[in-house]
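Heads up, input23.txt below (compact mmCIF, C-alpha atoms):
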# COMPACT_ATOMS: atom_id res chain seq x y z
CA MET Z 1 7.62 0.65 -7.16
CA ASN Z 2 4.60 2.24 -8.78
CA ARG Z 3 1.70 1.20 -6.58
CA ARG Z 4 -1.62 2.92 -7.22
CA THR Z 5 -4.51 2.68 -4.79
CA PHE Z 6 -8.10 2.17 -5.87
CA LEU Z 7 -11.01 4.59 -5.63
CA THR Z 8 -13.63 3.17 -3.28
CA ALA Z 9 -17.36 3.48 -3.38
CA GLY Z 10 -18.48 5.99 -0.80
CA THR Z 11 -16.48 8.92 -2.00
CA LEU Z 12 -14.90 11.90 -0.37
CA ALA Z 13 -16.86 14.22 -2.62
CA LEU Z 14 -19.79 14.18 -0.20
CA SER Z 15 -17.46 15.04 2.64
CA TYR Z 16 -15.93 18.08 1.01
CA ALA Z 17 -19.26 19.86 1.25
CA LEU Z 18 -19.51 18.76 4.86
CA ILE Z 19 -15.94 19.45 6.01
CA GLY Z 20 -14.43 21.73 3.39
CA CYS Z 21 -11.64 21.48 0.85
CA SER Z 22 -10.03 24.92 0.89
CA PRO Z 23 -6.30 24.93 1.81
CA SER Z 24 -6.99 27.58 4.46
CA SER Z 25 -3.94 28.28 6.60
CA ASP Z 26 -6.10 28.92 9.67
CA ALA Z 27 -7.95 25.58 9.61
CA ASP Z 28 -7.82 23.56 12.83
CA LEU Z 29 -6.58 20.48 10.94
CA ARG Z 30 -5.31 20.12 7.38
CA VAL Z 31 -5.13 16.61 5.91
CA ARG Z 32 -3.74 15.68 2.50
CA LEU Z 33 -4.97 12.22 1.60
CA LEU Z 34 -5.42 9.76 -1.22
CA GLU Z 35 -8.57 10.58 -3.14
CA ASN Z 36 -11.54 8.47 -2.03
CA SER Z 37 -9.46 6.26 0.23
CA ILE Z 38 -11.64 6.95 3.29
CA PRO Z 39 -15.39 6.25 3.09
CA ALA Z 40 -17.48 9.40 3.47
CA GLU Z 41 -19.42 7.82 6.34
CA LEU Z 42 -16.26 7.65 8.47
CA LEU Z 43 -15.35 11.26 7.79
CA LYS Z 44 -18.79 12.32 8.95
CA GLU Z 45 -18.37 10.14 12.04
CA PHE Z 46 -15.03 11.78 12.83
CA GLU Z 47 -16.62 15.21 12.63
CA ARG Z 48 -19.55 14.14 14.83
CA ARG Z 49 -17.57 12.20 17.41
CA VAL Z 50 -14.21 14.00 17.57
CA ALA Z 51 -14.01 17.29 15.68
CA ARG Z 52 -17.26 18.78 17.02
CA GLY Z 53 -17.41 21.84 14.80
CA LYS Z 54 -13.68 22.28 14.28
CA ASP Z 55 -12.54 23.57 10.88
CA LEU Z 56 -11.21 20.51 9.01
CA ARG Z 57 -9.69 20.83 5.54
CA LEU Z 58 -9.30 17.65 3.48
CA LEU Z 59 -7.42 17.94 0.21
CA PRO Z 60 -7.21 14.90 -2.08
CA SER Z 61 -4.54 13.62 -4.45
CA LYS Z 62 -5.19 10.97 -7.08
CA GLN Z 63 -1.91 9.06 -6.72
CA LEU Z 64 0.33 8.08 -3.84
CA ALA Z 65 3.32 9.25 -5.88
CA ASP Z 66 1.78 12.74 -6.02
CA LEU Z 67 1.63 12.86 -2.23
CA PHE Z 68 5.28 11.88 -1.89
CA GLN Z 69 6.26 14.60 -4.33
CA LEU Z 70 4.08 17.08 -2.46
CA LEU Z 71 6.07 16.27 0.68
CA GLN Z 72 9.21 17.12 -1.25
CA THR Z 73 7.86 20.54 -2.21
CA TRP Z 74 7.52 21.39 1.50
CA LYS Z 75 11.17 20.58 2.16
CA PRO Z 76 12.85 23.70 3.52
CA GLY Z 77 15.81 25.23 1.76
CA ASP Z 78 16.74 24.58 -1.85
CA GLU Z 79 14.45 23.34 -4.59
CA ALA Z 80 13.22 19.83 -3.87
CA LYS Z 81 14.20 17.13 -6.31
CA SER Z 82 12.38 13.97 -7.26
CA GLN Z 83 14.12 10.59 -7.36
CA GLY Z 84 16.73 10.70 -10.08
CA GLY Z 85 17.46 14.40 -9.62
CA LEU Z 86 14.76 15.73 -11.93
CA PRO Z 87 12.86 18.89 -10.96
CA LEU Z 88 9.46 18.24 -9.46
CA PRO Z 89 6.39 19.11 -11.56
CA PHE Z 90 4.53 20.56 -8.57
CA THR Z 91 6.21 23.96 -8.13
CA ASN Z 92 2.80 25.62 -8.42
CA ARG Z 93 1.83 23.89 -5.16
CA ARG Z 94 4.71 25.30 -3.09
CA SER Z 95 2.52 28.10 -1.81
CA ALA Z 96 -0.05 25.66 -0.39
CA PRO Z 97 -0.04 25.47 3.43
CA VAL Z 98 1.82 22.48 4.84
CA ALA Z 99 -0.60 19.76 5.94
CA ASP Z 100 -0.69 18.52 9.51
CA VAL Z 101 -1.15 14.93 8.30
CA ILE Z 102 -0.57 13.41 4.87
CA THR Z 103 -1.05 9.94 3.38
CA LEU Z 104 2.13 8.16 2.30
CA GLY Z 105 2.49 4.77 0.63
CA ASP Z 106 4.80 2.29 2.38
CA ALA Z 107 7.10 2.25 -0.66
CA TRP Z 108 8.05 5.89 -0.02
CA LEU Z 109 8.64 5.76 3.75
CA THR Z 110 12.38 5.07 3.66
CA ARG Z 111 13.12 7.83 1.15
CA SER Z 112 10.92 10.29 3.02
CA ILE Z 113 12.87 9.76 6.24
CA GLN Z 114 16.25 9.86 4.49
CA GLN Z 115 15.35 13.11 2.73
CA GLY Z 116 14.23 14.77 5.95
CA LEU Z 117 10.62 15.14 4.77
CA LEU Z 118 9.00 13.81 7.97
CA GLN Z 119 9.08 14.25 11.70
CA PRO Z 120 8.43 11.33 14.06
CA LEU Z 121 5.00 10.90 15.58
CA ARG Z 122 4.69 11.59 19.29
CA THR Z 123 4.75 8.16 20.90
CA ASP Z 124 2.88 9.15 24.06
CA ASP Z 125 -0.09 10.40 22.02
CA LEU Z 126 -0.42 7.35 19.76
CA LYS Z 127 -3.46 5.72 21.30
CA ASP Z 128 -4.03 2.10 20.27
CA PHE Z 129 -0.67 1.73 18.48
CA GLN Z 130 -0.33 -1.65 20.21
CA ALA Z 131 -3.51 -2.78 18.43
CA LEU Z 132 -1.47 -3.11 15.23
CA PRO Z 133 0.14 -6.47 14.36
CA ASP Z 134 3.78 -6.71 15.42
CA SER Z 135 5.04 -6.63 11.82
CA TYR Z 136 3.23 -3.33 11.18
CA GLN Z 137 4.61 -1.81 14.39
CA ALA Z 138 8.12 -2.92 13.45
CA PHE Z 139 7.82 -1.56 9.91
CA VAL Z 140 7.28 2.05 11.02
CA LYS Z 141 9.98 2.09 13.73
CA ARG Z 142 13.06 3.52 12.03
CA ASP Z 143 16.30 5.32 12.74
CA ARG Z 144 17.15 8.67 11.16
CA GLN Z 145 18.52 6.88 8.08
CA GLY Z 146 15.22 5.14 7.46
CA GLN Z 147 16.46 1.72 8.55
CA LEU Z 148 14.40 -0.57 10.78
CA ALA Z 149 15.25 -0.07 14.45
CA ALA Z 150 13.44 -1.78 17.32
CA ASN Z 151 14.11 1.22 19.55
CA GLY Z 152 13.68 3.79 16.80
CA ASP Z 153 11.12 6.52 16.44
CA ILE Z 154 7.62 5.83 15.11
CA TRP Z 155 7.49 7.58 11.75
CA ALA Z 156 4.08 6.53 10.43
CA ALA Z 157 0.66 5.19 11.38
CA PRO Z 158 -0.66 2.41 9.08
CA TYR Z 159 -4.40 2.75 8.47
CA ARG Z 160 -5.07 0.59 5.38
CA THR Z 161 -3.37 -2.55 4.17
CA GLY Z 162 -3.25 -4.73 1.07
CA THR Z 163 -1.21 -7.44 -0.60
CA LEU Z 164 0.31 -8.64 -3.83
CA MET Z 165 -2.04 -11.27 -5.23
CA ILE Z 166 -3.03 -13.27 -8.31
CA ALA Z 167 -6.09 -12.43 -10.44
CA TYR Z 168 -7.31 -14.98 -12.96
CA ARG Z 169 -10.07 -15.62 -15.49
CA ARG Z 170 -12.50 -18.07 -13.94
CA LYS Z 171 -13.75 -19.67 -17.17
CA ASP Z 172 -10.28 -20.37 -18.55
CA PHE Z 173 -9.24 -22.18 -15.39
CA GLU Z 174 -12.49 -24.11 -15.15
CA GLU Z 175 -11.61 -25.53 -18.56
CA LEU Z 176 -8.11 -26.40 -17.29
CA GLY Z 177 -9.61 -28.17 -14.28
CA TRP Z 178 -7.57 -26.30 -11.66
CA LYS Z 179 -7.16 -22.78 -10.34
CA PRO Z 180 -4.17 -20.84 -9.00
CA GLN Z 181 -3.44 -21.32 -5.31
CA ASP Z 182 0.23 -20.40 -4.97
CA TRP Z 183 3.04 -18.62 -6.77
CA ALA Z 184 4.39 -21.89 -8.17
CA ASP Z 185 1.27 -22.20 -10.35
CA LEU Z 186 2.52 -19.31 -12.50
CA TRP Z 187 5.31 -21.61 -13.76
CA ARG Z 188 2.92 -24.34 -15.00
CA SER Z 189 3.21 -25.15 -18.70
CA GLU Z 190 -0.46 -24.32 -19.39
CA LEU Z 191 0.28 -20.67 -18.64
CA GLN Z 192 3.14 -20.16 -21.08
CA ARG Z 193 2.71 -16.62 -22.51
CA LYS Z 194 -0.56 -16.37 -20.56
CA ILE Z 195 0.33 -14.15 -17.60
CA SER Z 196 0.92 -10.42 -17.00
CA LEU Z 197 3.12 -9.04 -14.25
CA PRO Z 198 3.87 -5.65 -12.72
CA ASP Z 199 6.96 -4.00 -14.17
CA SER Z 200 8.64 -4.06 -10.76
CA ALA Z 201 11.87 -5.87 -9.96
CA ARG Z 202 11.12 -6.10 -6.23
CA ALA Z 203 7.59 -7.43 -6.80
CA VAL Z 204 8.49 -10.07 -9.41
CA MET Z 205 11.68 -11.13 -7.68
CA GLY Z 206 9.83 -11.10 -4.37
CA LEU Z 207 7.15 -13.55 -5.53
CA THR Z 208 9.88 -15.76 -7.01
CA LEU Z 209 11.75 -15.76 -3.71
CA LYS Z 210 8.51 -16.73 -1.96
CA LYS Z 211 8.14 -19.65 -4.38
CA LEU Z 212 11.60 -20.76 -3.26
CA GLY Z 213 10.65 -20.42 0.40
CA ARG Z 214 12.95 -17.43 0.88
CA SER Z 215 12.46 -13.92 2.22
CA ILE Z 216 11.40 -11.25 -0.25
CA ASN Z 217 14.10 -9.08 1.37
CA ALA Z 218 17.00 -11.44 0.65
CA ASP Z 219 20.16 -9.33 0.95
CA ASP Z 220 22.55 -11.62 -0.95
CA LEU Z 221 21.17 -13.05 -4.18
CA ASN Z 222 24.44 -14.86 -4.83
CA ALA Z 223 23.46 -17.17 -1.98
CA ILE Z 224 20.38 -18.26 -3.96
CA PRO Z 225 21.89 -19.79 -7.12
CA GLN Z 226 18.57 -21.15 -8.40
CA LEU Z 227 16.95 -17.71 -8.44
CA ALA Z 228 18.20 -16.70 -11.89
CA ALA Z 229 16.89 -19.87 -13.52
CA GLU Z 230 13.51 -19.47 -11.83
CA LEU Z 231 13.22 -15.86 -13.03
CA GLU Z 232 14.16 -16.83 -16.58
CA ALA Z 233 11.54 -19.58 -16.56
CA LEU Z 234 8.92 -17.15 -15.23
CA ASN Z 235 9.87 -14.58 -17.87
CA ARG Z 236 9.06 -17.16 -20.57
CA GLN Z 237 5.55 -17.38 -19.11
CA VAL Z 238 4.96 -13.62 -19.35
CA LYS Z 239 3.13 -11.96 -22.21
CA PHE Z 240 3.02 -8.47 -20.70
CA TYR Z 241 4.75 -6.36 -18.04
CA GLY Z 242 3.15 -3.11 -16.93
CA SER Z 243 3.29 -0.67 -14.04
CA THR Z 244 -0.28 0.61 -14.29
CA ASP Z 245 -2.15 -1.43 -16.91
CA TYR Z 246 -1.18 -5.03 -16.16
CA LEU Z 247 -4.86 -5.93 -15.68
CA GLN Z 248 -5.98 -4.82 -19.13
CA PRO Z 249 -4.64 -7.92 -20.96
CA LEU Z 250 -6.50 -10.08 -18.43
CA LEU Z 251 -9.79 -8.28 -19.00
CA ILE Z 252 -9.65 -8.69 -22.79
CA GLY Z 253 -8.51 -12.32 -22.60
CA ASP Z 254 -4.96 -11.88 -23.87
CA THR Z 255 -3.72 -13.32 -20.59
CA TRP Z 256 -5.35 -15.76 -18.19
CA ALA Z 257 -3.67 -14.64 -14.97
CA ALA Z 258 -2.18 -11.41 -13.65
CA VAL Z 259 -0.17 -10.49 -10.57
CA GLY Z 260 -0.96 -7.16 -8.97
CA TRP Z 261 -2.00 -5.20 -5.92
CA SER Z 262 -5.14 -6.18 -4.04
CA THR Z 263 -6.48 -2.62 -3.97
CA GLU Z 264 -6.77 -2.75 -7.76
CA ILE Z 265 -7.56 -6.42 -8.29
CA LEU Z 266 -10.40 -6.63 -5.76
CA ARG Z 267 -12.05 -3.56 -7.24
CA GLN Z 268 -11.94 -5.15 -10.69
CA ALA Z 269 -13.15 -8.53 -9.42
CA LYS Z 270 -16.14 -6.85 -7.79
CA ARG Z 271 -17.07 -5.22 -11.10
CA ASP Z 272 -16.35 -8.20 -13.35
CA ARG Z 273 -17.53 -11.67 -12.31
CA ARG Z 274 -15.22 -13.26 -14.85
CA ILE Z 275 -12.27 -12.34 -12.62
CA GLN Z 276 -11.36 -14.13 -9.40
CA ALA Z 277 -8.45 -13.56 -7.06
CA VAL Z 278 -6.30 -15.38 -4.52
CA ILE Z 279 -3.51 -14.55 -2.08
CA PRO Z 280 -0.85 -17.26 -2.54
CA SER Z 281 -0.59 -19.67 0.37
CA SER Z 282 3.21 -19.42 0.66
CA GLY Z 283 2.98 -15.76 1.65
CA THR Z 284 3.11 -12.48 -0.18
CA ILE Z 285 4.17 -8.84 -0.15
CA LEU Z 286 2.28 -6.61 2.29
CA THR Z 287 1.47 -2.99 1.50
CA ALA Z 288 0.12 -0.18 3.67
CA ASP Z 289 -1.17 3.36 3.40
CA LEU Z 290 0.26 5.45 6.22
CA TRP Z 291 -0.52 8.68 8.03
CA VAL Z 292 2.68 10.71 8.42
CA ARG Z 293 3.60 14.15 9.74
CA PRO Z 294 5.49 16.50 7.38
CA ALA Z 295 8.75 17.92 8.73
CA GLU Z 296 7.37 21.44 8.48
CA ALA Z 297 4.00 20.72 10.14
CA SER Z 298 2.91 23.13 12.86
CA ASN Z 299 3.95 22.47 16.45
CA ASP Z 300 0.85 24.16 17.85
CA ALA Z 301 -0.32 21.99 20.77
CA THR Z 302 -4.05 22.23 19.97
CA ARG Z 303 -3.46 21.32 16.34
CA GLN Z 304 -1.24 18.40 17.32
CA THR Z 305 -3.91 17.06 19.67
CA LEU Z 306 -6.48 16.99 16.87
CA GLU Z 307 -3.89 15.41 14.58
CA GLN Z 308 -3.35 12.57 17.06
CA ASP Z 309 -7.11 12.17 17.43
CA TRP Z 310 -7.34 11.79 13.64
CA ILE Z 311 -4.69 9.07 13.56
CA SER Z 312 -6.09 7.14 16.53
CA PHE Z 313 -9.65 7.38 15.20
CA PHE Z 314 -8.90 4.92 12.39
CA TRP Z 315 -7.46 2.34 14.83
CA GLN Z 316 -10.64 2.14 16.91
CA PRO Z 317 -12.11 -1.36 16.47
CA GLN Z 318 -15.53 -0.21 15.25
CA ILE Z 319 -14.02 2.28 12.79
CA ALA Z 320 -11.48 -0.29 11.57
CA GLU Z 321 -14.33 -2.70 10.92
CA GLN Z 322 -16.36 -0.10 9.01
CA LEU Z 323 -13.34 0.91 6.94
CA SER Z 324 -12.89 -2.72 5.91
CA LEU Z 325 -16.60 -3.23 5.18
CA LEU Z 326 -17.10 -0.02 3.20
CA SER Z 327 -13.98 -0.27 1.08
CA LEU Z 328 -11.90 -2.98 -0.53
CA ALA Z 329 -8.89 -2.42 1.70
CA ALA Z 330 -8.60 -3.79 5.22
CA SER Z 331 -7.63 -2.05 8.41
CA PRO Z 332 -4.46 -3.65 9.84
CA VAL Z 333 -6.12 -3.55 13.28
CA LEU Z 334 -8.38 -6.43 12.17
CA LEU Z 335 -5.40 -8.64 11.33
CA LYS Z 336 -4.44 -9.05 14.97
CA GLY Z 337 -6.20 -11.20 17.51
CA ASP Z 338 -9.51 -13.04 17.48
CA ARG Z 339 -11.76 -12.41 14.49
CA ALA Z 340 -14.78 -14.27 15.89
CA SER Z 341 -16.72 -11.08 16.59
CA LEU Z 342 -16.28 -9.70 13.07
CA PRO Z 343 -19.16 -9.83 10.56
CA GLU Z 344 -19.18 -13.05 8.58
CA SER Z 345 -18.59 -11.14 5.33
CA LEU Z 346 -15.22 -10.08 6.71
CA ARG Z 347 -14.32 -13.36 8.42
CA GLN Z 348 -14.89 -15.30 5.21
CA ASN Z 349 -13.07 -12.86 2.94
CA GLN Z 350 -9.48 -14.11 3.03
CA ASN Z 351 -8.55 -11.91 0.09
CA LEU Z 352 -9.26 -8.93 2.34
CA LEU Z 353 -8.22 -10.44 5.67
CA PRO Z 354 -5.62 -13.14 4.96
CA SER Z 355 -5.40 -16.09 7.32
CA GLN Z 356 -2.87 -15.95 10.13
CA ALA Z 357 -0.92 -18.74 8.42
CA VAL Z 358 -0.50 -16.63 5.28
CA LEU Z 359 0.26 -13.46 7.25
CA GLU Z 360 3.04 -15.19 9.16
CA LYS Z 361 4.73 -15.93 5.83
CA SER Z 362 4.15 -12.45 4.37
CA GLU Z 363 6.47 -9.43 4.54
CA PHE Z 364 6.80 -5.77 3.72
CA LEU Z 365 9.42 -4.74 1.19
CA LEU Z 366 12.26 -3.43 3.37
CA PRO Z 367 15.27 -1.23 2.59
CA LEU Z 368 18.17 -3.09 1.00
CA SER Z 369 21.89 -2.47 1.17
CA GLU Z 370 23.54 -0.75 -1.79
CA GLN Z 371 25.25 -4.03 -2.68
CA ALA Z 372 21.91 -5.87 -2.67
CA ILE Z 373 20.25 -3.16 -4.80
CA ALA Z 374 23.01 -3.57 -7.39
CA GLN Z 375 22.46 -7.34 -7.41
CA TYR Z 376 18.72 -6.95 -7.90
CA GLN Z 377 19.17 -4.47 -10.74
CA GLN Z 378 21.78 -6.59 -12.50
CA LEU Z 379 19.70 -9.78 -12.29
CA TRP Z 380 16.48 -8.03 -13.32
CA THR Z 381 18.18 -6.50 -16.37
CA SER Z 382 19.77 -9.77 -17.45
CA VAL Z 383 16.46 -11.67 -17.19
CA ARG Z 384 14.53 -9.07 -19.18
CA LEU Z 385 17.05 -8.89 -22.07
Let me see the file written as C-alpha cells.
Amino acid sequence: MNRRTFLTAGTLALSYALIGCSPSSDADLRVRLLENSIPAELLKEFERRVARGKDLRLLPSKQLADLFQLLQTWKPGDEAKSQGGLPLPFTNRRSAPVADVITLGDAWLTRSIQQGLLQPLRTDDLKDFQALPDSYQAFVKRDRQGQLAANGDIWAAPYRTGTLMIAYRRKDFEELGWKPQDWADLWRSELQRKISLPDSARAVMGLTLKKLGRSINADDLNAIPQLAAELEALNRQVKFYGSTDYLQPLLIGDTWAAVGWSTEILRQAKRDRRIQAVIPSSGTILTADLWVRPAEASNDATRQTLEQDWISFFWQPQIAEQLSLLSLAASPVLLKGDRASLPESLRQNQNLLPSQAVLEKSEFLLPLSEQAIAQYQQLWTSVRL
C-alpha cells in the first residue's frame, strides 16, 4: 500500500536551525522522521523540557516508503533488497549513521520485523504505553515473524493516527440533495463513473468488506460469495484509480467523490472549501505513524534513555493535544477515555477524532496468510480486467 503522509503547517525547517540536521555520529540522539510531521513548537518544547542542551539531530524524509528503504540499507550483511528483489536506490546513504529512532508507516511494520530490520522497544521504559487504545497496543505486539501476539514484544510506538475516508464536492451533492455518510453510498446510481479510488487492493476490498459488515482482514474470501459482485458493481462506479493522485480528478470536477487517506484529504479540505470529508459510519481502515528502533541502533544506556524520553514525550496528554491541534493528524492517546476536557475544536472534529462507535468498528490492516493473499490478488485482478 502506497500511503503518503501530508506536510503540516508549522514545519520542521525552523527546528533544524534550533536542533541541527547534520548526521553527526556523536550526537546524543539521532532521529529520522517524516518531513514536517511534527510541529516545530513541539520540537522546541522537547528540547526545553527534556533534552536540556543535548545534541539532537533530526533528519527528514519526504515519504514513508523512503524511511522503510532506509531501514533496509542499515541491514547488516549482504546488500539490502527492496520488496520484489530489486536493488535499493539509496546505496549512497549506506554511510549515514544509523538512527536511534525512525518513523515507520504501519503498512511496513510486518515486513520490517520479518526482515530483521528492527529491535523490540524496551517494555519497562515505555512510559504511558497504556494510554494508547487497546487496538493500538495490540497492533504493535508481534512475534518474531511479525504476526500479532498478545504476549509478544512491543515493536513500535504509535504517535500519529489517521483513517481511510471519503472526500466529496459539496456543491455537487447539494444539488443531489444528499451527502455521503457510509461506504454504501459509493454504490448509488448517481455516482456511476463519478468516483476515484486508491489503486490498492486491500483498501478497496477493505471498504467493500465494511459495507458488507465484515472484517477488512477476512482470511477466506471464498466464505463471502457476494464480495465479487459487490466489487464488480463498485468498479463500474469508478472513473479513476490512483496511488498518489486520486484527489486530482475530484479537484477539477471529473469525479464527485474520492476515497483516500485522512492525512491527505483533510489537508486538501482545509485549503479548498469546495471539498468536504466524512469517515463512514460502518467503520474504516486505521493508519498510524510509528516510532521504531533500527536493529543496528546503539545500545548505549544514555542514548537509549533519551530515545525512550523522545517516544514517551509524544504520549503525554498535553503534547498529544497540541499535536492534534497543530496538525491534521490526531494523537492516538486522545482516542481513549473521556474527551470532555479537550478543546471544543477537537471534540467536534469527528474527522480527526472519530466517535467511539466508529472506532469500535474500525481496524488496522493486519498480516494475511499466503492463501488469503493469493485470494485477494486473484479477485482484485479479475475485477479490474
Practice item. Pick out the residues sitting within 10 Å of Z:Phe313, and hand them over as a list of chain:residue names; count only C-alpha atoms, and ignore anything fewer than 2 positions along from it in its own chain. Key: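 In the requested format, the answer is Z:Leu42, Z:Glu45, Z:Phe46, Z:Arg49, Z:Val50, Z:Lys127, Z:Asp128, Z:Tyr159, Z:Glu307, Z:Gln308, Z:Asp309, Z:Trp310, Z:Ile311, Z:Trp315, Z:Gln316, Z:Pro317, Z:Gln318, Z:Ile319, Z:Ala320.
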Keeping only C-alpha atoms, write the selected residues to a file as a short mmCIF file (atom, residue, chain, number, x, y, z; two decimals), in the frame of the given file.
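result.cif was written with the following content:
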data_model
loop_
_atom_site.label_atom_id
_atom_site.label_comp_id
_atom_site.auth_asym_id
_atom_site.auth_seq_id
_atom_site.Cartn_x
_atom_site.Cartn_y
_atom_site.Cartn_z
CA LEU Z 42 -16.26 7.65 8.47
CA GLU Z 45 -18.37 10.14 12.04
CA PHE Z 46 -15.03 11.78 12.83
CA ARG Z 49 -17.57 12.20 17.41
CA VAL Z 50 -14.21 14.00 17.57
CA LYS Z 127 -3.46 5.72 21.30
CA ASP Z 128 -4.03 2.10 20.27
CA TYR Z 159 -4.40 2.75 8.47
CA GLU Z 307 -3.89 15.41 14.58
CA GLN Z 308 -3.35 12.57 17.06
CA ASP Z 309 -7.11 12.17 17.43
CA TRP Z 310 -7.34 11.79 13.64
CA ILE Z 311 -4.69 9.07 13.56
CA TRP Z 315 -7.46 2.34 14.83
CA GLN Z 316 -10.64 2.14 16.91
CA PRO Z 317 -12.11 -1.36 16.47
CA GLN Z 318 -15.53 -0.21 15.25
CA ILE Z 319 -14.02 2.28 12.79
CA ALA Z 320 -11.48 -0.29 11.57
#
Check your understanding: Separation of atom CA of Z:Pro198 and atom CA of Z:Trp155, in Å?
Key -> 28.1 Å
**Study point:** Cut-off 12 Å around (-15.4, -7.5, -13.0) with only C-alpha atoms: residues as an MDAnalysis selection string
**Key:** chainID Z and resid 167:170 247:248 250:252 264:277
Exercise for review: Please provide the set of residues having any atom within 12 Å of Z:Asp26, restricted to all atoms listed in the file, with same-chain residues fewer than 2 positions apart removed, written as a ChimeraX atom specification.
Suggested key: /Z:22-24,28-30,54-57,97-100,298,300,303
Expected axis-aligned box over every listed atom of stretch 34-43 of chain Z, 5 Å added per side, centre plus edges in Å to one decimal, as lines of an AutoDock Vina configuration file:
center_x = -12.4
center_y = 8.8
center_z = 2.7
size_x = 24.0
size_y = 15.0
size_z = 21.6
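Candidate residues Z:Gly206, Z:Pro133, Z:Leu234, Z:Leu352 were compared for distance to Z:Gly337, and the nearest is Z:Pro133, using all atoms listed in the file.
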Point to revise | Interatomic distance (Å, one decimal) between atom CA of Z:Arg160 and atom CA of Z:Ser331 | key: 4.8 Å
Exercise for review: Name the closest residue to Z:Asp199 among the candidates Z:Ser243, Z:Ser369, Z:Leu164, Z:Ile224; distances are taken between atoms, counting only C-alpha atoms.
Suggested key: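 Of Z:Ser243, Z:Ser369, Z:Leu164, Z:Ile224, the one nearest Z:Asp199 is Z:Ser243, counting only C-alpha atoms.
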Check your understanding: Taking all atoms listed in the file into account, which of Z:Asp254, Z:Asp66, Z:Glu360, Z:Glu190 comes nearest Z:Lys336?
Key -> Z:Glu360
Exercise for review: Determine, counting all atoms listed in the file, which protein, DNA and RNA residues have an atom within 8 Å of an atom of Z:Phe240; residues of the same chain fewer than 6 positions away are not included. Present the result as a ChimeraX atom specification.
Suggested key: /Z:195-197,246,249
Review point. So, counting only C-alpha atoms, which residue among Z:Arg293, Z:Lys44, Z:Lys62, Z:Lys361 is closest to Z:Leu209?
Key: Z:Lys361
Exercise for review: Determine, counting only C-alpha atoms, which protein, DNA and RNA residues have an atom within 7 Å of an atom of Z:Gly146; residues of the same chain fewer than 5 positions away are not included. Present the result as an MDAnalysis selection string.
Suggested key: chainID Z and resid 110 113:114
Check your understanding: For Z:Val333, which residue among Z:Thr244, Z:Gln130, Z:Ser61, Z:Ser215 is the nearest when counting only C-alpha atoms?
Key ->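 Of all the options, Z:Gln130 lies closest to Z:Val333.
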Check your understanding: Of the residues Z:Thr163, Z:Ser355, Z:Thr305, Z:Gln192, which is the one nearest to Z:Ser262, using all atoms listed in the file?
Key ->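 Under the stated criterion, the closest residue is Z:Thr163.
Our summary of the geometry notes that atom CA of Z:Glu230 is positioned 22.1 Å from atom CA of Z:Leu366.
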Exercise for review: Extract, using all atoms listed in the file, all DNA, RNA and protein residues at most 10 Å from Z:Phe173, discarding same-chain residues fewer than 5 positions from it, and format them as a ChimeraX atom specification.
Suggested key: /Z:168,178-180,190,256-257
